[in-house]
>>> print(open('protein38.txt').read())   # compact mmCIF, C-alpha atoms and all ligand atoms
# COMPACT_ATOMS: atom_id res chain seq x y z
CA MET A 514 2.54 13.06 -13.60
CA ASP A 515 -0.84 11.88 -14.81
CA HIS A 516 -3.69 13.16 -16.94
CA PHE A 517 -6.42 13.29 -14.30
CA ARG A 518 -7.08 16.95 -13.52
CA LEU A 519 -9.79 19.48 -12.76
CA ILE A 520 -11.24 21.34 -15.73
CA ASP A 521 -13.99 23.87 -14.94
CA GLY A 522 -14.35 22.43 -11.46
CA GLU A 523 -14.77 18.82 -12.57
CA LEU A 524 -12.22 16.04 -12.53
CA HIS A 525 -11.45 14.84 -16.05
CA ALA A 526 -9.49 11.92 -17.43
CA GLU A 527 -7.62 13.67 -20.23
CA ASP A 528 -10.50 15.59 -21.89
CA VAL A 529 -13.36 13.40 -20.71
CA PRO A 530 -15.40 14.52 -17.67
CA LEU A 531 -15.69 11.64 -15.25
CA SER A 532 -19.41 12.33 -14.76
CA ARG A 533 -19.91 11.35 -18.40
CA ILE A 534 -18.36 7.94 -17.88
CA ALA A 535 -20.34 7.45 -14.67
CA ALA A 536 -23.59 8.34 -16.44
CA GLU A 537 -22.94 6.14 -19.47
CA VAL A 538 -21.19 3.12 -17.92
CA GLY A 539 -22.34 3.26 -14.31
CA THR A 540 -20.24 2.98 -11.17
CA PRO A 541 -18.01 1.62 -9.82
CA VAL A 542 -15.79 1.71 -12.88
CA TYR A 543 -12.07 1.90 -13.50
CA VAL A 544 -10.87 4.68 -15.78
CA TYR A 545 -7.46 4.42 -17.44
CA SER A 546 -5.70 7.21 -19.29
CA ARG A 547 -3.92 6.15 -22.46
CA ALA A 548 -1.74 9.29 -22.49
CA THR A 549 -0.59 8.55 -18.94
CA LEU A 550 0.29 4.96 -19.77
CA GLU A 551 2.26 6.10 -22.79
CA ARG A 552 4.00 8.79 -20.81
CA HIS A 553 5.05 6.37 -18.10
CA ALA A 554 6.21 3.82 -20.66
CA ARG A 555 8.40 6.45 -22.32
CA VAL A 556 9.75 7.93 -19.09
CA PHE A 557 10.76 4.47 -17.89
CA ARG A 558 12.45 3.68 -21.20
CA GLU A 559 14.22 7.04 -21.22
CA GLY A 560 15.37 6.38 -17.67
CA LEU A 561 17.23 3.34 -18.97
CA ALA A 562 19.00 5.37 -21.68
CA PRO A 563 22.34 5.47 -19.78
CA ILE A 564 22.59 1.70 -20.21
CA VAL A 565 22.58 2.10 -23.98
CA GLU A 566 24.76 5.21 -23.85
CA GLN A 567 27.51 3.27 -22.14
CA GLY A 568 27.41 0.71 -24.94
CA GLY A 569 24.95 -1.88 -23.64
CA PRO A 570 22.34 -3.48 -25.89
CA GLU A 571 18.79 -2.07 -25.88
CA PRO A 572 17.15 -3.54 -22.75
CA LEU A 573 13.97 -5.60 -22.87
CA ILE A 574 11.16 -3.96 -20.93
CA ALA A 575 8.63 -6.62 -20.06
CA PHE A 576 5.53 -5.10 -18.46
CA ALA A 577 4.41 -7.06 -15.40
CA VAL A 578 1.03 -8.19 -16.70
CA LYS A 579 -0.17 -9.02 -13.20
CA SER A 580 -0.34 -5.31 -12.40
CA ASN A 581 -2.89 -4.64 -15.12
CA PRO A 582 -3.74 -7.41 -17.58
CA ASN A 583 -6.46 -5.54 -19.45
CA LEU A 584 -6.06 -6.20 -23.18
CA ALA A 585 -6.30 -2.52 -24.10
CA VAL A 586 -3.63 -1.60 -21.56
CA LEU A 587 -1.38 -4.34 -22.91
CA ARG A 588 -1.98 -3.14 -26.45
CA VAL A 589 -0.90 0.39 -25.55
CA LEU A 590 2.32 -1.01 -24.12
CA ALA A 591 2.87 -3.40 -27.03
CA ARG A 592 2.71 -0.36 -29.31
CA GLU A 593 5.40 1.25 -27.15
CA GLY A 594 7.65 -1.72 -27.84
CA TYR A 595 7.13 -3.34 -24.47
CA GLY A 596 7.15 -7.07 -23.92
CA ALA A 597 5.48 -8.88 -21.04
CA ASP A 598 6.42 -10.53 -17.78
CA VAL A 599 3.77 -13.22 -17.24
CA VAL A 600 3.15 -15.55 -14.31
CA SER A 601 0.45 -17.86 -15.63
CA GLY A 602 -0.83 -19.41 -18.82
CA GLY A 603 -3.71 -16.97 -18.70
CA GLU A 604 -1.36 -13.98 -18.70
CA LEU A 605 0.72 -15.53 -21.47
CA VAL A 606 -2.31 -15.90 -23.71
CA ARG A 607 -3.36 -12.31 -22.95
CA ALA A 608 0.05 -10.87 -23.76
CA LEU A 609 0.04 -12.63 -27.12
CA ALA A 610 -3.56 -11.61 -27.81
CA ALA A 611 -2.60 -7.98 -27.14
CA GLY A 612 0.12 -8.18 -29.77
CA MET A 613 3.21 -8.65 -27.66
CA PRO A 614 5.73 -10.69 -29.65
CA ALA A 615 6.49 -14.10 -28.12
CA GLU A 616 10.22 -13.41 -28.04
CA ARG A 617 9.55 -10.44 -25.74
CA ILE A 618 7.67 -12.54 -23.19
CA VAL A 619 9.33 -13.76 -20.01
CA PHE A 620 7.61 -16.33 -17.82
CA SER A 621 8.16 -15.92 -14.06
CA GLY A 622 6.57 -17.68 -11.09
CA VAL A 623 7.32 -20.46 -8.61
CA GLY A 624 4.43 -22.72 -9.56
CA LYS A 625 4.34 -23.01 -13.32
CA THR A 626 2.46 -26.23 -14.07
CA ARG A 627 3.58 -28.71 -16.72
CA ALA A 628 0.76 -27.46 -18.95
CA GLU A 629 1.97 -23.86 -18.52
CA LEU A 630 5.57 -24.81 -19.28
CA GLN A 631 4.29 -26.59 -22.38
CA LEU A 632 2.28 -23.55 -23.42
CA GLY A 633 5.41 -21.41 -23.13
CA LEU A 634 7.31 -23.88 -25.29
CA ASP A 635 4.51 -24.12 -27.85
CA ARG A 636 4.37 -20.35 -28.19
CA ARG A 637 8.18 -20.07 -28.33
CA ILE A 638 8.39 -17.42 -25.60
CA GLY A 639 11.64 -15.53 -25.20
CA GLN A 640 12.59 -16.61 -21.69
CA PHE A 641 11.59 -18.81 -18.76
CA ASN A 642 12.73 -17.53 -15.37
CA ILE A 643 13.29 -20.79 -13.52
CA GLU A 644 12.72 -20.69 -9.78
CA SER A 645 13.91 -24.14 -8.64
CA SER A 646 16.06 -27.00 -9.76
CA GLU A 647 12.89 -29.15 -9.81
CA GLU A 648 11.23 -26.76 -12.27
CA GLY A 649 14.39 -26.55 -14.39
CA ARG A 650 14.64 -30.33 -14.72
CA GLU A 651 10.96 -30.60 -15.63
CA LEU A 652 11.22 -27.90 -18.28
CA ALA A 653 14.42 -29.39 -19.71
CA ALA A 654 12.89 -32.86 -20.01
CA LEU A 655 9.74 -31.49 -21.58
CA ALA A 656 11.62 -29.42 -24.15
CA ASP A 657 14.21 -32.09 -24.90
CA GLY A 658 11.50 -34.67 -25.54
CA GLN A 659 10.15 -32.45 -28.30
CA GLY A 660 13.48 -31.48 -29.78
CA LEU A 661 13.13 -27.94 -28.43
CA THR A 662 15.47 -25.71 -26.44
CA ALA A 663 13.96 -23.43 -23.81
CA GLN A 664 15.75 -20.12 -23.28
CA ALA A 665 16.04 -19.60 -19.56
CA THR A 666 17.52 -17.74 -16.63
CA LEU A 667 17.81 -18.88 -13.04
CA ARG A 668 15.99 -16.64 -10.58
CA ILE A 669 18.00 -16.16 -7.46
CA ASN A 670 16.91 -15.07 -4.01
CA PRO A 671 19.52 -12.56 -2.82
CA ASP A 672 18.23 -12.40 0.77
CA VAL A 673 17.78 -8.64 0.73
CA ASP A 674 15.15 -6.76 2.71
CA ALA A 675 13.28 -4.59 0.20
CA LYS A 676 11.85 -2.50 3.07
CA THR A 677 8.35 -2.70 1.71
CA HIS A 678 5.11 -4.32 2.96
CA ALA A 679 5.79 -7.90 4.13
CA LYS A 680 3.15 -9.31 1.78
CA ILE A 681 4.86 -7.87 -1.30
CA SER A 682 8.47 -8.56 -0.35
CA THR A 683 9.96 -11.37 -2.42
CA GLY A 684 13.74 -11.32 -1.99
CA LYS A 685 14.28 -12.42 1.58
CA ALA A 686 15.61 -15.89 2.36
CA GLU A 687 12.31 -16.96 3.94
CA ASN A 688 10.29 -15.96 0.85
CA LYS A 689 9.31 -18.73 -1.55
CA PHE A 690 10.93 -17.09 -4.58
CA GLY A 691 14.15 -18.00 -6.39
CA ILE A 692 17.19 -20.07 -5.50
CA PRO A 693 19.17 -19.10 -2.39
CA LEU A 694 22.38 -17.43 -3.45
CA ILE A 695 24.53 -20.05 -1.74
CA ARG A 696 22.98 -22.80 -3.88
CA ALA A 697 22.95 -20.76 -7.10
CA ARG A 698 26.26 -22.01 -8.56
CA GLU A 699 25.58 -25.70 -8.01
CA THR A 700 21.99 -25.37 -9.29
CA PHE A 701 23.16 -23.44 -12.34
CA ALA A 702 25.79 -26.11 -13.09
CA GLU A 703 23.23 -28.88 -12.71
CA LEU A 704 20.67 -27.25 -15.02
CA ALA A 705 23.17 -25.90 -17.55
CA ALA A 706 24.26 -29.47 -18.25
CA LEU A 707 20.77 -30.58 -19.27
CA GLY A 708 19.60 -30.89 -22.87
CA GLY A 709 16.48 -28.94 -23.78
CA LEU A 710 17.57 -25.92 -21.76
CA HIS A 711 19.76 -22.99 -22.72
CA LEU A 712 20.50 -21.46 -19.32
CA ARG A 713 21.89 -18.11 -20.32
CA GLY A 714 21.68 -15.89 -17.25
CA VAL A 715 20.06 -14.96 -13.97
CA ALA A 716 16.97 -13.12 -12.78
CA VAL A 717 16.11 -11.28 -9.58
CA HIS A 718 13.08 -9.45 -8.18
CA ILE A 719 13.07 -8.45 -4.52
CA GLY A 720 9.68 -6.85 -4.03
CA SER A 721 7.20 -4.21 -5.05
CA GLN A 722 6.45 -0.57 -4.17
CA LEU A 723 10.11 0.10 -3.36
CA LEU A 724 10.71 3.65 -2.18
CA ASP A 725 14.46 3.35 -1.83
CA LEU A 726 17.10 2.32 -4.37
CA GLU A 727 19.48 0.97 -1.77
CA PRO A 728 17.99 -2.56 -1.42
CA LEU A 729 17.83 -2.84 -5.21
CA GLU A 730 21.45 -1.82 -5.56
CA THR A 731 22.47 -4.34 -2.89
CA ALA A 732 20.59 -7.09 -4.70
CA PHE A 733 22.01 -6.11 -8.11
CA ALA A 734 25.54 -6.06 -6.71
CA LYS A 735 25.02 -9.62 -5.49
CA VAL A 736 23.80 -10.57 -8.96
CA GLY A 737 26.92 -8.98 -10.46
CA GLN A 738 29.13 -11.07 -8.20
CA LEU A 739 27.20 -14.19 -9.14
CA VAL A 740 27.57 -13.43 -12.85
CA ALA A 741 31.35 -13.20 -12.31
CA ASP A 742 31.36 -16.45 -10.32
CA LEU A 743 29.31 -18.28 -12.95
CA ARG A 744 31.67 -17.10 -15.67
CA ALA A 745 34.61 -18.27 -13.58
CA ASP A 746 32.85 -21.64 -13.44
CA GLY A 747 32.93 -21.69 -17.24
CA HIS A 748 29.35 -20.66 -18.04
CA THR A 749 28.43 -18.17 -20.75
CA ILE A 750 26.20 -15.50 -19.22
CA THR A 751 24.46 -13.24 -21.72
CA HIS A 752 21.20 -12.20 -20.02
CA VAL A 753 20.23 -10.70 -16.67
CA ASP A 754 16.65 -9.88 -15.69
CA LEU A 755 16.47 -7.26 -12.94
CA GLY A 756 12.73 -7.57 -12.26
CA GLY A 757 10.40 -4.71 -11.33
CA GLY A 758 9.54 -3.09 -8.05
CA LEU A 759 9.94 0.66 -8.48
CA GLY A 760 7.39 2.39 -6.26
CA VAL A 761 4.91 5.17 -7.04
CA PRO A 762 3.63 8.02 -4.84
CA TYR A 763 0.27 7.02 -3.35
CA ARG A 764 0.11 10.05 -1.07
CA ALA A 765 1.67 13.42 -0.58
CA GLY A 766 5.16 13.18 0.87
CA GLU A 767 5.96 9.82 -0.70
CA ASN A 768 8.91 10.34 -3.01
CA PRO A 769 9.93 7.19 -4.80
CA PRO A 770 13.12 7.28 -6.88
CA SER A 771 12.48 8.45 -10.43
CA PRO A 772 13.02 6.12 -13.39
CA ALA A 773 16.01 8.35 -14.24
CA ASP A 774 17.57 7.77 -10.78
CA TYR A 775 16.84 4.07 -11.12
CA GLY A 776 18.34 3.90 -14.62
CA ALA A 777 21.46 5.77 -13.55
CA MET A 778 21.97 3.37 -10.63
CA VAL A 779 21.45 0.33 -12.85
CA ALA A 780 23.84 1.67 -15.49
CA ARG A 781 26.50 2.25 -12.85
CA VAL A 782 26.14 -1.17 -11.20
CA THR A 783 25.91 -3.15 -14.45
CA ARG A 784 28.56 -1.23 -16.42
CA ASP A 785 30.96 -4.15 -16.79
CA TRP A 786 28.49 -6.99 -16.98
CA GLY A 787 28.34 -7.21 -20.78
CA VAL A 788 24.83 -8.70 -20.83
CA HIS A 789 21.37 -8.07 -22.25
CA LEU A 790 19.32 -6.57 -19.43
CA ALA A 791 15.60 -7.11 -18.94
CA PHE A 792 13.20 -5.24 -16.64
CA GLU A 793 9.74 -6.15 -15.37
CA PRO A 794 8.04 -2.91 -14.27
CA GLY A 795 4.36 -3.01 -13.42
CA ARG A 796 3.16 -0.43 -10.90
CA VAL A 797 5.41 2.39 -12.11
CA ILE A 798 3.82 2.12 -15.56
CA ALA A 799 0.17 1.52 -14.69
CA GLY A 800 -0.36 2.78 -11.11
CA ASN A 801 -1.04 6.45 -11.71
CA ALA A 802 -2.67 5.77 -15.07
CA GLY A 803 -5.94 4.67 -13.49
CA VAL A 804 -8.60 5.72 -11.00
CA LEU A 805 -11.56 3.86 -9.55
CA LEU A 806 -14.64 6.02 -10.06
CA THR A 807 -17.35 5.51 -7.48
CA ARG A 808 -20.60 7.11 -6.30
CA VAL A 809 -21.51 7.89 -2.72
CA VAL A 810 -24.48 5.72 -1.74
CA ARG A 811 -25.13 7.62 1.46
CA VAL A 812 -23.40 9.36 4.31
CA LYS A 813 -24.18 7.73 7.64
CA ARG A 814 -23.68 9.38 10.98
CA GLY A 815 -20.78 7.88 12.89
CA GLY A 816 -20.98 6.19 16.28
CA ASN A 817 -18.32 7.85 18.31
CA GLY A 818 -16.20 8.76 15.30
CA PRO A 819 -16.54 10.63 12.02
CA PRO A 820 -19.36 9.97 9.56
CA PHE A 821 -19.20 6.96 7.26
CA VAL A 822 -19.05 7.91 3.60
CA ILE A 823 -20.46 4.73 2.07
CA VAL A 824 -19.45 4.38 -1.59
CA ASP A 825 -20.63 1.88 -4.18
CA ALA A 826 -17.10 0.50 -4.69
CA ALA A 827 -15.92 -2.09 -2.21
CA MET A 828 -12.98 -4.26 -1.24
CA ASN A 829 -13.97 -6.71 -3.97
CA ASP A 830 -13.30 -3.97 -6.57
CA LEU A 831 -10.13 -2.51 -5.01
CA ALA A 832 -8.59 -4.91 -2.52
CA ARG A 833 -5.39 -3.05 -1.63
CA PRO A 834 -6.64 -1.07 1.40
CA ALA A 835 -8.24 -4.16 2.96
CA LEU A 836 -5.32 -6.44 2.08
CA TYR A 837 -2.31 -4.26 2.80
CA GLY A 838 -3.72 -1.28 4.67
CA ALA A 839 -2.78 0.66 1.52
CA TRP A 840 -3.51 4.35 1.11
CA HIS A 841 -5.34 5.62 -2.00
CA ASP A 842 -6.10 9.33 -2.28
CA PHE A 843 -9.86 9.87 -2.29
CA ASP A 844 -11.15 12.98 -4.07
CA ALA A 845 -14.50 14.35 -5.13
CA VAL A 846 -15.13 14.60 -8.88
CA ARG A 847 -16.70 18.05 -8.29
CA PRO A 848 -14.99 19.40 -5.18
CA SER A 849 -16.97 22.17 -3.48
CA GLY A 850 -13.95 23.48 -1.63
CA GLU A 851 -15.35 22.28 1.68
CA ARG A 852 -13.67 19.51 3.59
CA MET A 853 -14.82 16.79 5.97
CA THR A 854 -13.28 14.07 8.06
CA ALA A 855 -14.72 10.70 7.13
CA ASN A 856 -14.43 6.96 7.34
CA VAL A 857 -14.70 5.89 3.71
CA VAL A 858 -16.23 2.43 3.43
CA GLY A 859 -17.81 0.08 0.93
CA PRO A 860 -21.06 -1.86 1.25
CA ILE A 861 -19.49 -5.28 1.93
CA CYS A 862 -20.33 -7.01 5.18
CA GLU A 863 -16.86 -6.91 6.67
CA THR A 864 -15.25 -4.22 8.75
CA GLY A 865 -12.19 -4.71 6.55
CA ASP A 866 -14.16 -3.14 3.72
CA THR A 867 -12.72 0.20 4.71
CA PHE A 868 -10.85 2.43 2.26
CA ALA A 869 -9.85 5.17 4.66
CA THR A 870 -10.21 5.93 8.35
CA ASP A 871 -10.39 9.44 9.80
CA ARG A 872 -9.57 10.80 6.38
CA ASP A 873 -9.54 14.51 5.67
CA CYS A 874 -11.27 14.64 2.27
CA ASP A 875 -13.56 16.70 0.08
CA ALA A 876 -17.01 17.14 1.62
CA LEU A 877 -19.35 14.61 0.00
CA GLN A 878 -22.99 13.75 0.11
CA SER A 879 -25.26 11.04 -1.20
CA GLY A 880 -25.11 10.81 -5.00
CA ASP A 881 -21.76 12.58 -5.38
CA LEU A 882 -19.01 11.06 -7.51
CA ALA A 883 -15.50 10.47 -6.20
CA VAL A 884 -12.34 8.65 -7.18
CA PHE A 885 -9.73 6.48 -5.57
CA ARG A 886 -6.51 7.50 -7.25
CA THR A 887 -3.49 5.45 -8.26
CA ALA A 888 -5.70 2.46 -8.92
CA GLY A 889 -4.33 1.52 -12.34
CA ALA A 890 -2.04 -1.18 -10.96
CA TYR A 891 -3.24 -4.07 -8.82
CA GLY A 892 -6.77 -2.68 -8.97
CA ALA A 893 -9.30 -4.32 -11.30
CA THR A 894 -7.06 -7.34 -11.67
CA MET A 895 -7.43 -8.19 -7.99
CA ALA A 896 -11.23 -7.86 -8.07
CA SER A 897 -13.49 -10.65 -6.93
CA SER A 898 -17.25 -11.19 -6.90
CA TYR A 899 -17.47 -11.37 -3.11
CA ASN A 900 -20.93 -10.60 -1.77
CA SER A 901 -22.21 -11.46 -5.29
CA ARG A 902 -21.32 -8.00 -6.48
CA GLY A 903 -20.12 -8.95 -9.96
CA PHE A 904 -16.90 -7.80 -11.60
CA VAL A 905 -16.20 -4.10 -12.01
CA ALA A 906 -16.10 -2.51 -15.50
CA GLU A 907 -13.01 -0.86 -16.99
CA THR A 908 -12.73 2.04 -19.44
CA MET A 909 -9.89 3.76 -21.26
CA VAL A 910 -9.79 7.41 -22.19
CA ASP A 911 -7.91 8.69 -25.24
CA GLY A 912 -8.10 12.47 -25.52
CA ALA A 913 -11.75 13.43 -25.83
CA ARG A 914 -13.00 9.89 -26.41
CA TYR A 915 -13.21 6.79 -24.29
CA ALA A 916 -14.16 3.14 -24.62
CA VAL A 917 -15.34 0.40 -22.32
CA VAL A 918 -12.36 -1.96 -22.28
CA ALA A 919 -13.88 -4.54 -19.93
CA ASP A 920 -17.60 -5.07 -19.50
CA ARG A 921 -19.08 -5.20 -16.07
CA ILE A 922 -19.78 -8.88 -15.37
CA ALA A 923 -23.05 -8.85 -13.51
CA ALA A 924 -23.76 -11.13 -10.58
CA ASP A 925 -26.42 -13.03 -12.55
CA VAL A 926 -23.93 -13.83 -15.33
CA ILE A 927 -21.60 -15.34 -12.75
CA MET A 928 -24.55 -17.25 -11.33
CA ASP A 929 -25.24 -18.66 -14.81
CA ALA A 930 -21.99 -20.65 -14.52
CA GLU A 931 -23.34 -22.43 -11.43
CA ARG A 932 -25.83 -25.24 -11.25
CA VAL A 933 -27.82 -27.18 -8.69
CA PRO A 934 -27.01 -30.88 -9.30
CA ASP A 935 -29.57 -33.63 -9.94
CA PHE A 936 -29.14 -35.03 -6.45
CA LEU A 937 -30.48 -31.80 -4.98
CA GLN A 938 -33.43 -31.50 -7.35
CA ASP A 939 -35.91 -33.77 -5.52
N1 LIG B 1 8.36 -9.23 -11.57
C1 LIG B 1 8.02 -10.14 -10.65
C2 LIG B 1 8.69 -11.44 -10.68
C3 LIG B 1 7.05 -9.84 -9.69
O1 LIG B 1 6.71 -10.74 -8.77
C4 LIG B 1 6.42 -8.56 -9.69
C5 LIG B 1 5.39 -8.22 -8.72
C6 LIG B 1 6.81 -7.65 -10.69
C7 LIG B 1 7.78 -8.00 -11.61
C8 LIG B 1 6.21 -6.27 -10.80
O2 LIG B 1 6.47 -5.49 -9.70
P1 LIG B 1 6.10 -3.94 -9.72
O3 LIG B 1 6.99 -3.27 -10.73
O4 LIG B 1 4.66 -3.81 -10.09
O5 LIG B 1 6.35 -3.50 -8.34
N2 LIG B 1 -0.67 -6.86 -5.25
C9 LIG B 1 0.41 -6.11 -4.66
C10 LIG B 1 1.69 -6.16 -5.50
C11 LIG B 1 2.20 -7.54 -5.76
C12 LIG B 1 3.45 -7.55 -6.61
C13 LIG B 1 3.83 -8.93 -6.96
N3 LIG B 1 4.95 -9.04 -7.83
C14 LIG B 1 -0.05 -4.68 -4.43
O6 LIG B 1 -1.20 -4.37 -4.72
O7 LIG B 1 0.70 -3.86 -3.91
>>> encode(input="protein38.txt", output="structure tokens", more="lines below")
Ligand code: LLP
Amino acid sequence: MDHFRLIDGELHAEDVPLSRIAAEVGTPVYVYSRATLERHARVFREGLAPIVEQGGPEPLIAFAVKSNPNLAVLRVLAREGYGADVVSGGELVRALAAGMPAERIVFSGVGKTRAELQLGLDRRIGQFNIESSEEGRELAALADGQGLTAQATLRINPDVDAKTHAKISTGKAENKFGIPLIRARETFAELAALGGLHLRGVAVHIGSQLLDLEPLETAFAKVGQLVADLRADGHTITHVDLGGGLGVPYRAGENPPSPADYGAMVARVTRDWGVHLAFEPGRVIAGNAGVLLTRVVRVKRGGNGPPFVIVDAAMNDLARPALYGAWHDFDAVRPSGERMTANVVGPICETGDTFATDRDCDALQSGDLAVFRTAGAYGATMASSYNSRGFVAETMVDGARYAVVADRIAADVIMDAERVPDFLQD
């Protein structure tokens, strides 16, 4: 459930009419709903309640910053008690700037540089999720040399098919992530023996936009077996990070498992583990908490197909349709009740700049406002300035008020960072 709904015939974010934001901030612009973010944060936490009810410690919920790194969004989640799952120094700095306590930050990613590892050590983050023995040795040496001990887990690759889009699947043997299960025990033993590292558990994340609990349960069961094996090897295992991945409904008929179903499954599978659990949800928190608001530039007659509804948002602002063929509902801000079939496209000079093909949608004409829904996760953060279009603005609504939470970065500001060198001046 989200807080984008029609009031008196106009789509509102909470109590703010979207036409007001379009008039005052311009389009395209992302609009986030604070109440929706808070609701999702609470529903996810409540979904995990069975873990606590069966005697487990309060889990750490580390929001996957990559899904929406906007400072205001992170602040909302920090106030809900969330930590952060970060995958770069940039995300780490953001999470701290937003008020997330360092001990609630986990650092994932296969390619953490030495400087990023050092930053994590300097800021005393709660956990490094190590993805290779090479990374583990580097982190251990770095920490040991400074008299520090890095808290860490070993991320394993369970070789499970998450049954999601190939580009966002991360837990199959051929994916670059984690340590293959068959090498996990020897790698754990190798790294656990090193000074500078407190290897206290394992981590897993098999993919994103999962619409089925079964692959998750298979992966978690493998983790459970590994925890038992590691204990049998003499290691003390106190922490397990189960990653993110829970899907959201992008279109009618898509029914992802609820956080309650997910929490019940996790509680059942992890009942005897006796560990601190961590979770890294991104999309399920932020996805339906945002829309991309856009204006129709013009409607162009089609060739041998439906008309092209050309909007002022493009693949540089919302990359998911071009990148993954992803579906985003497309609705008029003031629906007339009439419908049309359209190809919804942006202005960029690539055929891939297509949001929807042969889409049954509200009838629209030049100047009308419309939204792409479920754009709060992996939306603005994946923007680029392709075609010198600048970076899209972001706003957050809170009841009857709203604020610009990221300025539009105009093309000429980006150009200001470029220069023509001396050798081209003559
Ligand atoms: N933890 C790790 C280690 C991850 O790699 C990811 C996502 C998450 C947590 C959060 O997953 P979520 O709960 O959001 O599913 N750009 C793509 C999604 C890429 C996801 C990458 N990793 C998209 O737009 O669909």
>>> closest_atom_pairs(input="protein38.txt", of="chain A", to="ligand LIG 1 (chain B)", cutoff="6 Å", atoms="all atoms listed in the file", output="Markdown table")
| residue | atom | partner | partner_atom | distance |
| --- | --- | --- | --- | --- |
| A:Ala577 | CA | B:LIG1 | C8 | 5.0 |
| A:Ser580 | CA | B:LIG1 | O4 | 5.7 |
| A:Ser621 | CA | B:LIG1 | C2 | 5.6 |
| A:Ile681 | CA | B:LIG1 | C11 | 5.2 |
| A:His718 | CA | B:LIG1 | C2 | 5.4 |
| A:Ser721 | CA | B:LIG1 | O5 | 3.5 |
| A:Gln722 | CA | B:LIG1 | O5 | 5.1 |
| A:Gly756 | CA | B:LIG1 | N1 | 4.7 |
| A:Gly757 | CA | B:LIG1 | O3 | 3.7 |
| A:Gly758 | CA | B:LIG1 | O5 | 3.2 |
| A:Leu759 | CA | B:LIG1 | O3 | 5.4 |
| A:Glu793 | CA | B:LIG1 | C7 | 4.6 |
| A:Pro794 | CA | B:LIG1 | O3 | 3.7 |
| A:Gly795 | CA | B:LIG1 | O4 | 3.4 |
| A:Arg796 | CA | B:LIG1 | O4 | 3.8 |
| A:Arg833 | CA | B:LIG1 | O6 | 5.4 |
| A:Tyr891 | CA | B:LIG1 | O6 | 4.6 |
>>> residues_around(input="protein38.txt", residues="stretch 626-641 of chain A", least_positions_apart="4", cutoff="9 Å", atoms="only C-alpha atoms", output="PyMOL selection string")
chain A and resi 601-603+605-606+609+614-621+648+651-652+655-656+661-667
>>> write_last_selection(input="protein38.txt", atoms="C-alpha atoms", output="PDB file, in the frame of the given file")
ATOM      1  CA  SER A 601       0.450 -17.860 -15.630  1.00  0.00           C
ATOM      2  CA  GLY A 602      -0.830 -19.410 -18.820  1.00  0.00           C
ATOM      3  CA  GLY A 603      -3.710 -16.970 -18.700  1.00  0.00           C
ATOM      4  CA  LEU A 605       0.720 -15.530 -21.470  1.00  0.00           C
ATOM      5  CA  VAL A 606      -2.310 -15.900 -23.710  1.00  0.00           C
ATOM      6  CA  LEU A 609       0.040 -12.630 -27.120  1.00  0.00           C
ATOM      7  CA  PRO A 614       5.730 -10.690 -29.650  1.00  0.00           C
ATOM      8  CA  ALA A 615       6.490 -14.100 -28.120  1.00  0.00           C
ATOM      9  CA  GLU A 616      10.220 -13.410 -28.040  1.00  0.00           C
ATOM     10  CA  ARG A 617       9.550 -10.440 -25.740  1.00  0.00           C
ATOM     11  CA  ILE A 618       7.670 -12.540 -23.190  1.00  0.00           C
ATOM     12  CA  VAL A 619       9.330 -13.760 -20.010  1.00  0.00           C
ATOM     13  CA  PHE A 620       7.610 -16.330 -17.820  1.00  0.00           C
ATOM     14  CA  SER A 621       8.160 -15.920 -14.060  1.00  0.00           C
ATOM     15  CA  GLU A 648      11.230 -26.760 -12.270  1.00  0.00           C
ATOM     16  CA  GLU A 651      10.960 -30.600 -15.630  1.00  0.00           C
ATOM     17  CA  LEU A 652      11.220 -27.900 -18.280  1.00  0.00           C
ATOM     18  CA  LEU A 655       9.740 -31.490 -21.580  1.00  0.00           C
ATOM     19  CA  ALA A 656      11.620 -29.420 -24.150  1.00  0.00           C
ATOM     20  CA  LEU A 661      13.130 -27.940 -28.430  1.00  0.00           C
ATOM     21  CA  THR A 662      15.470 -25.710 -26.440  1.00  0.00           C
ATOM     22  CA  ALA A 663      13.960 -23.430 -23.810  1.00  0.00           C
ATOM     23  CA  GLN A 664      15.750 -20.120 -23.280  1.00  0.00           C
ATOM     24  CA  ALA A 665      16.040 -19.600 -19.560  1.00  0.00           C
ATOM     25  CA  THR A 666      17.520 -17.740 -16.630  1.00  0.00           C
ATOM     26  CA  LEU A 667      17.810 -18.880 -13.040  1.00  0.00           C
TER      27      LEU A 667
END
>>> residues_around(input="protein38.txt", residues="stretch 912-918 of chain A", least_positions_apart="4", cutoff="7 Å", atoms="all atoms listed in the file", output="PyMOL selection string")
chain A and resi 527-529+585+907-908
>>> residues_around(input="protein38.txt", residues="A:Ile861", least_positions_apart="3", cutoff="9 Å", atoms="only C-alpha atoms", output="JSON, numbers by chain")
{"A": [827, 828, 829, 858, 864, 865, 866, 899, 900]}
>>> residues_near_point(input="protein38.txt", point="(21.2, -2.1, -21.5)", cutoff="7 Å", atoms="only C-alpha atoms", output="list of chain:residue names")
A:Ile564, A:Val565, A:Gly569, A:Pro570, A:Glu571, A:Pro572, A:His789, A:Leu790
